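One file, protein.txt, carrying compact mmCIF, C-alpha atoms:
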```txt
# COMPACT_ATOMS: atom_id res chain seq x y z
CA MET A 220 18.64 126.98 134.22
CA SER A 221 17.76 123.46 135.32
CA ILE A 222 20.39 120.79 135.85
CA LYS A 223 18.87 118.69 133.07
CA LYS A 224 19.06 121.55 130.57
CA ARG A 225 22.70 122.28 131.47
CA GLU A 226 23.57 118.57 130.95
CA LEU A 227 21.94 118.56 127.52
CA MET A 228 23.86 121.69 126.47
CA ALA A 229 27.13 120.14 127.65
CA LEU A 230 26.45 117.00 125.66
CA GLY A 231 25.72 119.10 122.56
CA LEU A 232 28.97 121.05 122.86
CA ALA A 233 30.98 117.83 123.32
CA ALA A 234 29.36 116.29 120.25
CA ALA A 235 30.12 119.40 118.18
CA ALA A 236 33.76 119.36 119.32
CA THR A 237 34.05 115.69 118.45
CA MET A 238 32.63 116.33 114.97
CA ALA A 239 35.01 119.26 114.43
CA LEU A 240 38.03 117.23 115.49
CA ALA A 241 37.07 114.11 113.49
CA PRO A 242 38.42 115.29 110.10
CA LEU A 243 41.72 116.35 111.73
CA ALA A 244 42.04 112.99 113.47
CA HIS A 245 41.28 111.22 110.21
CA ALA A 246 43.87 113.33 108.38
CA GLN A 247 46.48 112.57 111.02
CA LYS A 248 45.69 108.86 110.82
CA ALA A 249 45.81 108.87 107.01
CA ALA A 250 49.04 110.90 106.69
CA PRO A 251 51.96 108.55 105.96
CA LYS A 252 54.91 108.64 108.31
CA ALA A 253 58.03 110.29 106.90
CA ALA A 254 60.31 107.58 105.50
CA ALA A 255 63.57 107.09 107.35
CA PRO A 256 66.58 108.09 105.24
CA ALA A 257 68.15 105.10 103.47
CA GLU A 258 71.26 103.82 105.21
CA ASP A 259 74.54 104.60 103.46
CA ILE A 260 76.56 101.78 101.94
CA VAL A 261 80.06 102.11 103.36
CA PHE A 262 83.06 101.66 101.05
CA GLY A 263 86.26 101.29 103.07
CA ALA A 264 89.82 101.45 101.78
CA SER A 265 93.39 100.86 102.88
CA VAL A 266 95.27 103.20 100.53
CA PRO A 267 99.00 104.02 100.37
CA LEU A 268 98.92 107.82 100.21
CA THR A 269 102.51 107.93 101.46
CA GLY A 270 105.48 105.59 101.04
CA VAL A 271 106.97 103.78 98.05
CA PHE A 272 103.63 103.04 96.39
CA SER A 273 102.06 106.48 96.96
CA PHE A 274 102.38 107.35 93.25
CA ALA A 275 99.74 104.68 92.60
CA GLY A 276 97.79 105.07 95.84
CA ILE A 277 97.01 108.74 95.31
CA ALA A 278 95.78 107.99 91.78
CA ILE A 279 93.71 104.99 92.93
CA ASP A 280 92.11 107.07 95.68
CA ALA A 281 91.16 109.78 93.16
CA GLY A 282 89.64 107.20 90.79
CA ILE A 283 87.50 105.68 93.54
CA LYS A 284 86.30 109.10 94.71
CA ASP A 285 85.41 110.25 91.20
CA TYR A 286 83.35 107.18 90.37
CA LEU A 287 81.49 107.39 93.70
CA THR A 288 80.77 111.07 93.03
CA ILE A 289 79.22 110.16 89.66
CA LEU A 290 77.27 107.30 91.25
CA ASN A 291 75.94 109.34 94.18
CA GLU A 292 74.95 112.25 91.93
CA GLY A 293 72.87 109.71 89.99
CA GLY A 294 71.07 108.52 93.13
CA GLY A 295 73.57 106.03 94.53
CA VAL A 296 72.80 102.33 94.73
CA LYS A 297 69.04 101.72 94.84
CA GLY A 298 68.61 105.14 96.44
CA ARG A 299 71.39 104.58 98.98
CA LYS A 300 74.45 106.82 98.96
CA VAL A 301 77.87 105.17 99.00
CA ARG A 302 80.08 106.68 101.71
CA TYR A 303 83.84 106.39 101.21
CA VAL A 304 86.01 105.89 104.30
CA ALA A 305 89.74 105.59 103.58
CA GLU A 306 92.99 105.88 105.51
CA ASP A 307 96.65 105.99 104.55
CA THR A 308 98.67 102.81 105.04
CA GLY A 309 102.13 103.83 103.88
CA TYR A 310 102.08 100.54 101.93
CA LYS A 311 102.76 98.56 105.11
CA VAL A 312 100.83 95.36 105.79
CA ASP A 313 100.52 95.87 109.55
CA GLN A 314 99.28 99.42 109.03
CA SER A 315 96.80 98.21 106.38
CA MET A 316 95.44 95.65 108.84
CA ALA A 317 95.13 98.29 111.57
CA VAL A 318 93.24 100.55 109.18
CA PHE A 319 90.93 97.71 108.13
CA LYS A 320 90.09 96.84 111.73
CA ARG A 321 89.51 100.47 112.64
CA ILE A 322 87.26 101.20 109.64
CA THR A 323 85.24 97.98 109.95
CA GLY A 324 85.03 98.42 113.73
CA GLN A 325 83.56 101.91 113.44
CA ASN A 326 81.36 101.41 110.36
CA LYS A 327 79.07 98.79 108.84
CA VAL A 328 81.34 98.18 105.85
CA SER A 329 80.14 96.31 102.75
CA LEU A 330 82.83 97.13 100.16
CA TYR A 331 86.60 97.43 100.56
CA TYR A 332 89.71 98.30 98.55
CA ALA A 333 93.03 96.68 99.53
CA ASP A 334 96.46 98.14 98.81
CA SER A 335 98.77 95.14 98.42
CA THR A 336 99.16 91.40 97.94
CA GLY A 337 100.57 91.07 101.46
CA PHE A 338 97.53 92.73 102.99
CA VAL A 339 95.09 90.75 100.84
CA LYS A 340 96.61 87.48 102.08
CA THR A 341 96.77 88.61 105.70
CA VAL A 342 93.22 89.94 105.86
CA ASN A 343 91.59 86.96 104.11
CA PRO A 344 90.78 84.94 107.30
CA GLU A 345 89.27 88.08 108.85
CA LEU A 346 87.13 88.64 105.74
CA GLU A 347 85.78 85.11 106.00
CA ARG A 348 85.12 85.55 109.74
CA LEU A 349 83.19 88.80 109.18
CA GLY A 350 81.32 87.50 106.14
CA SER A 351 80.01 91.00 105.40
CA VAL A 352 82.58 92.50 103.01
CA LEU A 353 83.43 92.14 99.31
CA MET A 354 87.02 93.18 98.52
CA THR A 355 89.17 94.06 95.56
CA GLY A 356 92.44 95.95 95.34
CA ALA A 357 95.79 96.70 93.77
CA SER A 358 97.04 93.10 93.74
CA PHE A 359 97.02 90.97 90.59
CA ALA A 360 98.79 88.04 92.25
CA LYS A 361 98.02 84.68 90.65
CA GLU A 362 97.15 83.15 94.03
CA ILE A 363 94.18 85.51 94.41
CA SER A 364 92.66 83.90 91.30
CA ASN A 365 91.79 80.90 93.48
CA ALA A 366 88.12 81.59 94.28
CA ASP A 367 87.94 78.68 96.73
CA LYS A 368 90.78 80.13 98.80
CA TYR A 369 89.70 83.76 98.37
CA PRO A 370 85.88 83.53 98.18
CA MET A 371 85.14 87.20 98.97
CA GLN A 372 87.81 88.82 96.82
CA PHE A 373 88.43 89.52 93.13
CA MET A 374 90.85 91.40 90.86
CA VAL A 375 90.06 94.28 88.53
CA GLY A 376 91.91 92.78 85.58
CA PRO A 377 94.02 89.76 84.65
CA ASP A 378 96.34 88.21 87.21
CA TYR A 379 100.08 88.45 86.56
CA ALA A 380 100.25 85.02 84.93
CA GLU A 381 97.35 85.98 82.64
CA MET A 382 99.10 89.26 81.76
CA VAL A 383 102.20 87.35 80.66
CA THR A 384 100.01 84.86 78.77
CA ILE A 385 98.41 87.75 76.85
CA LEU A 386 101.90 88.98 75.94
CA LEU A 387 102.93 85.48 74.83
CA ARG A 388 99.77 85.07 72.75
CA TYR A 389 100.66 88.30 70.96
CA ILE A 390 104.25 87.08 70.42
CA ALA A 391 103.05 83.74 69.02
CA GLN A 392 100.71 85.53 66.60
CA THR A 393 103.37 88.07 65.58
CA LYS A 394 106.37 85.74 65.27
CA PRO A 395 105.67 82.00 65.61
CA GLY A 396 108.52 80.11 67.26
CA ALA A 397 110.09 83.31 68.66
CA LYS A 398 112.80 83.26 71.32
CA VAL A 399 111.61 84.81 74.58
CA ALA A 400 113.62 86.01 77.59
CA LEU A 401 112.04 86.44 81.04
CA VAL A 402 113.57 89.14 83.26
CA TYR A 403 112.07 89.41 86.74
CA SER A 404 112.82 90.73 90.21
CA ASP A 405 113.85 88.42 93.02
CA THR A 406 110.62 89.14 94.92
CA GLU A 407 107.28 87.42 95.39
CA PHE A 408 105.87 89.96 92.91
CA GLY A 409 108.57 89.16 90.35
CA ARG A 410 108.36 85.37 90.64
CA ASP A 411 104.56 85.25 90.59
CA PRO A 412 103.95 84.42 86.88
CA VAL A 413 107.18 82.58 86.08
CA ASP A 414 105.99 78.96 86.33
CA ALA A 415 102.90 79.74 84.27
CA ALA A 416 105.04 81.62 81.71
CA ARG A 417 107.34 78.62 81.23
CA ALA A 418 104.35 76.35 80.60
CA THR A 419 102.70 78.81 78.22
CA ILE A 420 105.93 79.33 76.24
CA LYS A 421 106.09 75.57 75.75
CA SER A 422 102.42 75.21 74.81
CA LEU A 423 102.65 78.02 72.24
CA LYS A 424 105.76 76.42 70.71
CA LEU A 425 107.93 79.41 71.56
CA GLU A 426 111.49 79.10 72.85
CA LEU A 427 112.57 80.18 76.34
CA ALA A 428 115.91 81.77 75.49
CA THR A 429 116.94 82.70 79.04
CA GLU A 430 115.73 83.73 82.49
CA ILE A 431 117.37 86.63 84.31
CA VAL A 432 116.67 87.46 87.95
CA THR A 433 117.69 90.77 89.50
CA ALA A 434 117.25 92.64 92.75
CA PRO A 435 114.32 95.07 92.58
CA GLY A 436 115.00 98.74 91.90
CA SER A 437 118.03 100.47 90.46
CA VAL A 438 120.90 98.00 90.14
CA ASP A 439 123.96 97.44 87.95
CA VAL A 440 122.77 95.17 85.13
CA SER A 441 125.99 94.94 83.10
CA ALA A 442 126.46 91.22 83.86
CA GLU A 443 122.80 90.53 83.04
CA ILE A 444 123.12 92.38 79.73
CA VAL A 445 125.98 90.06 78.73
CA LYS A 446 123.70 87.09 79.44
CA LEU A 447 120.85 88.67 77.48
CA ARG A 448 123.13 89.41 74.53
CA ARG A 449 124.34 85.81 74.48
CA ALA A 450 120.73 84.53 74.43
CA ASP A 451 119.74 87.05 71.71
CA PRO A 452 115.95 86.84 72.30
CA ASP A 453 113.37 88.20 69.89
CA PHE A 454 111.27 89.43 72.84
CA THR A 455 112.20 90.26 76.44
CA ILE A 456 109.43 90.35 79.06
CA PHE A 457 110.04 92.34 82.25
CA HIS A 458 107.97 91.63 85.36
CA GLY A 459 108.24 92.57 89.03
CA TYR A 460 109.32 96.15 88.44
CA VAL A 461 107.68 99.55 88.10
CA SER A 462 110.55 101.27 86.30
CA ALA A 463 114.17 100.61 87.31
CA PRO A 464 116.09 98.63 86.16
CA ILE A 465 114.08 98.44 82.92
CA PRO A 466 115.56 101.67 81.41
CA GLU A 467 119.09 100.47 82.22
CA PHE A 468 118.44 97.18 80.43
CA ILE A 469 116.98 98.90 77.38
CA ASN A 470 119.70 101.54 77.09
CA GLN A 471 122.57 99.09 77.45
CA ALA A 472 120.95 96.50 75.19
CA LYS A 473 120.37 99.02 72.40
CA SER A 474 123.92 100.39 72.73
CA LEU A 475 125.15 96.84 72.09
CA GLY A 476 122.92 96.45 69.04
CA LEU A 477 120.40 93.97 70.50
CA LYS A 478 117.21 93.83 68.42
CA SER A 479 114.98 92.36 71.12
CA GLN A 480 111.49 93.81 71.57
CA PHE A 481 111.08 94.81 75.24
CA MET A 482 107.76 94.26 77.00
CA GLY A 483 106.20 95.01 80.40
CA THR A 484 103.20 94.19 82.58
CA PHE A 485 100.64 96.51 84.19
CA TRP A 486 102.65 98.37 86.83
CA SER A 487 105.34 99.23 84.24
CA MET A 488 102.86 100.36 81.62
CA ASP A 489 101.58 103.74 82.72
CA ASN A 490 102.16 106.29 79.96
CA THR A 491 104.12 108.59 82.28
CA THR A 492 106.32 105.74 83.53
CA VAL A 493 107.25 104.60 80.03
CA MET A 494 107.93 108.08 78.67
CA LYS A 495 110.24 108.82 81.62
CA MET A 496 112.48 106.01 80.33
CA GLY A 497 113.57 108.37 77.56
CA PRO A 498 113.96 107.98 73.77
CA ALA A 499 115.37 104.44 74.09
CA ALA A 500 111.93 103.31 75.27
CA ASP A 501 110.45 104.07 71.85
CA GLY A 502 108.75 100.85 70.73
CA PHE A 503 108.41 99.45 74.27
CA LEU A 504 105.47 97.03 74.31
CA GLY A 505 103.23 95.86 77.11
CA VAL A 506 99.84 94.65 78.28
CA MET A 507 97.18 97.02 79.61
CA PRO A 508 93.74 95.90 80.86
CA TYR A 509 92.22 99.38 80.43
CA ARG A 510 92.16 102.16 77.88
CA TYR A 511 94.50 105.05 78.47
CA TYR A 512 93.11 108.40 79.62
CA TYR A 513 93.62 110.02 76.20
CA ASP A 514 92.16 107.16 74.13
CA THR A 515 89.27 108.41 71.98
CA GLU A 516 88.85 105.25 69.92
CA GLY A 517 85.32 103.94 69.67
CA LYS A 518 82.54 104.68 72.13
CA SER A 519 83.85 105.62 75.57
CA PRO A 520 81.35 107.83 77.46
CA MET A 521 82.94 107.13 80.85
CA LEU A 522 86.37 108.20 79.62
CA GLU A 523 84.78 111.37 78.25
CA ARG A 524 83.21 111.98 81.67
CA ILE A 525 86.59 111.49 83.34
CA ARG A 526 88.27 113.92 80.97
CA LYS A 527 85.64 116.57 81.81
CA MET A 528 86.10 116.01 85.54
CA ARG A 529 89.90 115.99 85.30
CA PRO A 530 91.28 117.75 82.21
CA GLU A 531 94.84 116.65 83.06
CA TYR A 532 96.21 113.16 82.31
CA GLN A 533 95.16 110.43 84.76
CA THR A 534 97.36 107.38 85.28
CA SER A 535 96.57 103.69 84.92
CA GLY A 536 96.27 103.55 88.75
CA TYR A 537 93.39 106.03 88.53
CA MET A 538 91.64 103.82 85.96
CA GLN A 539 92.12 100.79 88.20
CA GLY A 540 90.58 102.59 91.20
CA PHE A 541 87.70 103.94 89.10
CA LEU A 542 86.83 100.50 87.71
CA ALA A 543 87.23 98.88 91.14
CA ALA A 544 84.58 101.24 92.52
CA MET A 545 82.34 100.59 89.51
CA LEU A 546 82.44 96.80 89.90
CA LEU A 547 82.16 96.74 93.70
CA THR A 548 79.07 98.95 93.61
CA GLU A 549 77.61 97.00 90.68
CA ALA A 550 77.85 93.87 92.85
CA ALA A 551 76.03 95.71 95.66
CA LYS A 552 73.32 96.92 93.25
CA ARG A 553 72.71 93.43 91.85
CA THR A 554 72.52 92.01 95.36
CA LEU A 555 69.83 94.52 96.37
CA ASP A 556 68.01 94.01 93.04
CA ASN A 557 67.76 90.32 93.96
CA GLY A 558 66.31 91.23 97.37
CA ASN A 559 69.31 89.79 99.18
CA GLU A 560 71.27 90.98 102.19
CA LEU A 561 74.47 92.91 101.49
CA ASN A 562 77.06 90.40 102.64
CA GLY A 563 80.25 89.05 101.14
CA LYS A 564 78.80 85.79 99.84
CA ASN A 565 75.74 87.39 98.22
CA MET A 566 77.76 90.17 96.63
CA LYS A 567 80.33 87.74 95.25
CA LEU A 568 77.51 85.69 93.70
CA ALA A 569 76.07 88.88 92.22
CA LEU A 570 79.48 89.87 90.88
CA SER A 571 79.84 86.45 89.25
CA SER A 572 76.54 87.01 87.43
CA ILE A 573 78.05 89.82 85.38
CA ARG A 574 77.96 89.00 81.67
CA ASN A 575 78.79 91.31 78.74
CA PHE A 576 79.03 94.30 81.08
CA ASP A 577 79.70 97.68 79.47
CA THR A 578 82.27 99.68 81.46
CA GLY A 579 81.57 102.83 79.46
CA GLY A 580 84.76 102.36 77.50
CA LEU A 581 87.27 101.83 80.33
CA ILE A 582 87.81 98.37 78.85
CA GLY A 583 87.36 98.22 75.09
CA VAL A 584 85.13 95.13 75.08
CA PRO A 585 82.21 94.03 77.29
CA LEU A 586 83.42 91.97 80.23
CA SER A 587 82.12 88.88 81.98
CA ILE A 588 83.24 87.75 85.41
CA LYS A 589 83.50 83.99 85.89
CA GLY A 590 86.20 83.72 88.55
CA ASN A 591 88.40 86.02 90.60
CA SER A 592 90.06 87.78 87.66
CA ILE A 593 89.11 89.55 84.43
CA PRO A 594 91.58 88.05 81.92
CA ILE A 595 91.32 90.74 79.26
CA GLY A 596 94.11 92.96 77.93
CA ARG A 597 95.51 94.72 74.92
CA ILE A 598 99.05 95.24 73.66
CA TYR A 599 100.21 98.85 73.49
CA LYS A 600 103.42 100.26 72.03
CA ALA A 601 105.34 103.37 73.05
CA ASP A 602 105.50 106.16 70.51
CA PHE A 603 108.06 108.47 72.09
CA LYS A 604 107.56 111.24 69.54
CA ALA A 605 103.79 111.33 70.21
CA GLN A 606 104.45 110.75 73.96
CA LYS A 607 101.72 108.12 73.97
CA MET A 608 101.17 104.39 74.30
CA LEU A 609 99.29 103.32 71.18
CA PRO A 610 97.41 100.04 70.56
CA VAL A 611 98.99 97.44 68.29
CA SER A 612 96.58 94.55 68.92
CA ASP A 613 92.89 93.85 69.37
CA TRP A 614 91.61 93.12 72.86
CA ILE A 615 92.75 89.63 73.89
CA ASN A 616 90.28 87.78 76.09
CA LEU A 617 91.59 84.57 77.66
CA GLN A 618 88.07 83.44 78.57
```

Rendering of file as structure tokens:
Amino acid sequence: MSIKKRELMALGLAAAATMALAPLAHAQKAAPKAAAPAEDIVFGASVPLTGVFSFAGIAIDAGIKDYLTILNEGGGVKGRKVRYVAEDTGYKVDQSMAVFKRITGQNKVSLYYADSTGFVKTVNPELERLGSVLMTGASFAKEISNADKYPMQFMVGPDYAEMVTILLRYIAQTKPGAKVALVYSDTEFGRDPVDAARATIKSLKLELATEIVTAPGSVDVSAEIVKLRRADPDFTIFHGYVSAPIPEFINQAKSLGLKSQFMGTFWSMDNTTVMKMGPAADGFLGVMPYRYYYDTEGKSPMLERIRKMRPEYQTSGYMQGFLAAMLLTEAAKRTLDNGNELNGKNMKLALSSIRNFDTGGLIGVPLSIKGNSIPIGRIYKADFKAQKMLPVSDWINLQ
């Protein structure tokens, strides 16, 4: 075979190979690259799973986890899963700070749950420095309502002053001109709403019958009962306690024939807490920002979902954690819907855009967020025979 003929055959084979490979090359060029998995949104939390506040912390943790399970099963936030990273704090501010620094140092955190007023105040400068996190938590302190001072935080309900205002509005509607006693603990928690309560009592044309300050926890209240009896108030509002010394006050007051209606704020209002006070707590009134676990009134698909997930009673702390997760992730969703970066400022703006938001029945009316609190609540009354807190008012919205 001549050299020329061999060259021509070689060229023919090369051309045939090129033609055979062309469709494959085209297919490889046309095939889209596999999309990278969407980055998780990290939800951090400082939670008191041990210590004096563990009764609430364990419930809050469960509520957050359950809502995130529902959310992630439904596709997450814009296709991104929300990953929960939490550590126990023992309800100690220094431990909460250490947990926050560890979680935010090891993860790109966007959302965070805080366990106490002390931690919220301490961490605030760090939140502003980071600029990447939106926070809510267990605190309802009035100071946190200041959006200028706490620009990347909010509360999942009314602040303590707003809770007392809701109680006073109910009193003014029920018995105009009523005499009101304030009983509070000698703590920052206890004193928080007192100045606002005095002003509201005056503006509603009620009468401040007396103020009684006690140490927190179980104490001898015999001297305080004498003072309360002398004042003879129509209503007595307790704040700054979870339980003790409220039962001691009620039992002694009723044994002396006092007719005062006793009232509490959020952390005293869990159904289990009230019923543990015993038969004397029958008729105990208080403000609650959420529906109770067993409430079947009206349309409440999210409560029905909770009851299927957890057939046993869930506390008010659980509801608070559940709603906290709902609102934090709603802020993240709205931020991404707007095409904005997930940072504290953008998420707070997105949160503030919420109007007439349906919580699935956790709160009995649609909510709007205009500041750092959600000033909505309802008055419930203890029915000891039924072992339930039952509503005695409509939803009161201070907005």

message: Applying 6 Å and only C-alpha atoms, which residues near range 264-279 of chain A remain after dropping the ones on its own chain fewer than 5 positions away? List them as a ChimeraX atom specification.
response: /A:305-310,315,331-334,536-537,540

- prompt: Which residue, A:Leu617, A:Val432, A:Ile456, A:Val301, has the smallest gap to Tyr286 in chain A when you use all atoms listed in the file?
  reply: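 When distances to Tyr286 in chain A are compared using all atoms listed in the file, the smallest one comes from A:Val301.
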
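Minimum distance to Ala397 in chain A across A:Asp577, A:Glu426, A:Glu345, A:Glu381 (counting only C-alpha atoms) occurs at A:Glu426.
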
query: Which residues come within 6 Å of His458 in chain A, counting all atoms listed in the file, excluding same-chain residues fewer than 2 positions away, as a PyMOL selection string?
result: chain A and resi 403+409+460

Resulting file, chosen residues, C-alpha atoms, as a short mmCIF file (atom, residue, chain, number, x, y, z; two decimals), in the coordinates of the input:
```cif
data_model
loop_
_atom_site.label_atom_id
_atom_site.label_comp_id
_atom_site.auth_asym_id
_atom_site.auth_seq_id
_atom_site.Cartn_x
_atom_site.Cartn_y
_atom_site.Cartn_z
CA TYR A 403 112.07 89.41 86.74
CA GLY A 409 108.57 89.16 90.35
CA TYR A 460 109.32 96.15 88.44
#
```

- prompt: For Leu387 in chain A, which of A:Pro520, A:Gly263, A:Gly502, A:Gly596 is the closest residue, counting all atoms listed in the file?
  reply: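 For Leu387 in chain A, the nearest of the given residues is A:Gly596.
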
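Nearest residue to Ala416 in chain A among A:Thr384, A:Asn565, A:Thr433, A:Thr491 is A:Thr384, counting all atoms listed in the file.
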
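Using all atoms listed in the file, the shortest contact distance between Phe481 in chain A and any of A:Pro464, A:Gly505, A:Gly436, A:Gly497 is found at A:Gly505.
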
Quick one: axis-aligned box around all listed atoms of range 553-567 of chain A, 6 Å on every side, centre and edge lengths in Å to one decimal, written as JSON.
```
{"center_x": 73.3, "center_y": 90.2, "center_z": 97.2, "size_x": 26.0, "size_y": 20.7, "size_z": 22.8}
```

field: Selection as number ranges by chain: residues within 10 Å of (87.5, 114.1, 87.0), counting only C-alpha atoms
entry: A: 281-282, 284-286, 288-289, 522-533

task: For CA of Asn291 in chain A and CA of Met566 in chain A, determine how far apart the two atoms are, in Å to one decimal place.
output: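 We find that CA of Asn291 in chain A and CA of Met566 in chain A lie 19.4 Å from each other.
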
Distance criterion (only C-alpha atoms): nearest to Leu386 in chain A out of A:Gly356, A:Gly483, A:Gly580, A:Pro344: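 Looking at the shortest contact to Leu386 in chain A, the residue is A:Gly483.
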
- request: Give as a list in words the set of residues within 6 Å of the point (102.8, 77.1, 66.5), where distances use the file's coordinates and all atoms listed in the file.
  value: Pro395, Leu423 and Lys424 of chain A

message: Would you compute the distance between CA of Ser474 in chain A and CA of Asp453 in chain A? Give it in Å to one decimal.
response: 16.4 Å

List as a PDB file with C-alpha atoms, in the frame of the given file the protein and nucleic acid residues near Lys607 in chain A, meaning an atom at most 8 Å away when all atoms listed in the file are counted, but skip any in the same chain fewer than 3 places from it.
```pdb
ATOM      1  CA  ASN A 490     102.160 106.290  79.960  1.00  0.00           C
ATOM      2  CA  MET A 494     107.930 108.080  78.670  1.00  0.00           C
ATOM      3  CA  ALA A 601     105.340 103.370  73.050  1.00  0.00           C
ATOM      4  CA  ASP A 602     105.500 106.160  70.510  1.00  0.00           C
ATOM      5  CA  PHE A 603     108.060 108.470  72.090  1.00  0.00           C
ATOM      6  CA  LYS A 604     107.560 111.240  69.540  1.00  0.00           C
TER       7      LYS A 604
END
```

Would you write out, as JSON lines, a table of all residues in range 310-415 of chain A that have an atom no more than 12 Å from an atom of range 556-560 of chain A, listing for each the closest atom pair and the distance in Å to one decimal, considering all atoms listed in the file and ordering rows by chain and rising residue number?
```
{"residue": "A:Ser329", "atom": "CA", "partner": "A:Glu560", "partner_atom": "CA", "distance": 10.4}
{"residue": "A:Gly350", "atom": "CA", "partner": "A:Glu560", "partner_atom": "CA", "distance": 11.3}
{"residue": "A:Ser351", "atom": "CA", "partner": "A:Glu560", "partner_atom": "CA", "distance": 9.3}
{"residue": "A:Val352", "atom": "CA", "partner": "A:Glu560", "partner_atom": "CA", "distance": 11.4}
```

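Picture a line from CA of Tyr379 in chain A to CA of Val328 in chain A; it runs 28.6 Å.
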
field: Nearby residues (all atoms listed in the file) at most 9 Å from Ile385 in chain A, same-chain spacing under 4 positions excluded, as a VMD selection string
entry: chain A and resid 380 to 381 389 to 390 506 594 to 598 615 to 617

Could you save those same residues with C-alpha atoms as a compact mmCIF listing (two decimals), keeping the file's coordinate frame?
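Saved as out10.txt:
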```
# COMPACT_ATOMS: atom_id res chain seq x y z
CA ALA A 380 100.25 85.02 84.93
CA GLU A 381 97.35 85.98 82.64
CA TYR A 389 100.66 88.30 70.96
CA ILE A 390 104.25 87.08 70.42
CA VAL A 506 99.84 94.65 78.28
CA PRO A 594 91.58 88.05 81.92
CA ILE A 595 91.32 90.74 79.26
CA GLY A 596 94.11 92.96 77.93
CA ARG A 597 95.51 94.72 74.92
CA ILE A 598 99.05 95.24 73.66
CA ILE A 615 92.75 89.63 73.89
CA ASN A 616 90.28 87.78 76.09
CA LEU A 617 91.59 84.57 77.66
```

10 Å contact set for Leu581 in chain A, all atoms listed in the file, chain neighbours under 2 positions out, as an mmCIF file with C-alpha atoms, in the frame of the given file:
```cif
data_model
loop_
_atom_site.group_PDB
_atom_site.id
_atom_site.type_symbol
_atom_site.label_atom_id
_atom_site.label_comp_id
_atom_site.auth_asym_id
_atom_site.auth_seq_id
_atom_site.Cartn_x
_atom_site.Cartn_y
_atom_site.Cartn_z
ATOM 1 C CA PRO A 508 93.740 95.900 80.860
ATOM 2 C CA TYR A 509 92.220 99.380 80.430
ATOM 3 C CA ARG A 510 92.160 102.160 77.880
ATOM 4 C CA TYR A 511 94.500 105.050 78.470
ATOM 5 C CA TYR A 512 93.110 108.400 79.620
ATOM 6 C CA ASP A 514 92.160 107.160 74.130
ATOM 7 C CA LYS A 518 82.540 104.680 72.130
ATOM 8 C CA SER A 519 83.850 105.620 75.570
ATOM 9 C CA PRO A 520 81.350 107.830 77.460
ATOM 10 C CA MET A 521 82.940 107.130 80.850
ATOM 11 C CA LEU A 522 86.370 108.200 79.620
ATOM 12 C CA MET A 538 91.640 103.820 85.960
ATOM 13 C CA GLN A 539 92.120 100.790 88.200
ATOM 14 C CA PHE A 541 87.700 103.940 89.100
ATOM 15 C CA LEU A 542 86.830 100.500 87.710
ATOM 16 C CA ASP A 577 79.700 97.680 79.470
ATOM 17 C CA THR A 578 82.270 99.680 81.460
ATOM 18 C CA GLY A 579 81.570 102.830 79.460
ATOM 19 C CA GLY A 583 87.360 98.220 75.090
ATOM 20 C CA VAL A 584 85.130 95.130 75.080
ATOM 21 C CA PRO A 585 82.210 94.030 77.290
#
```
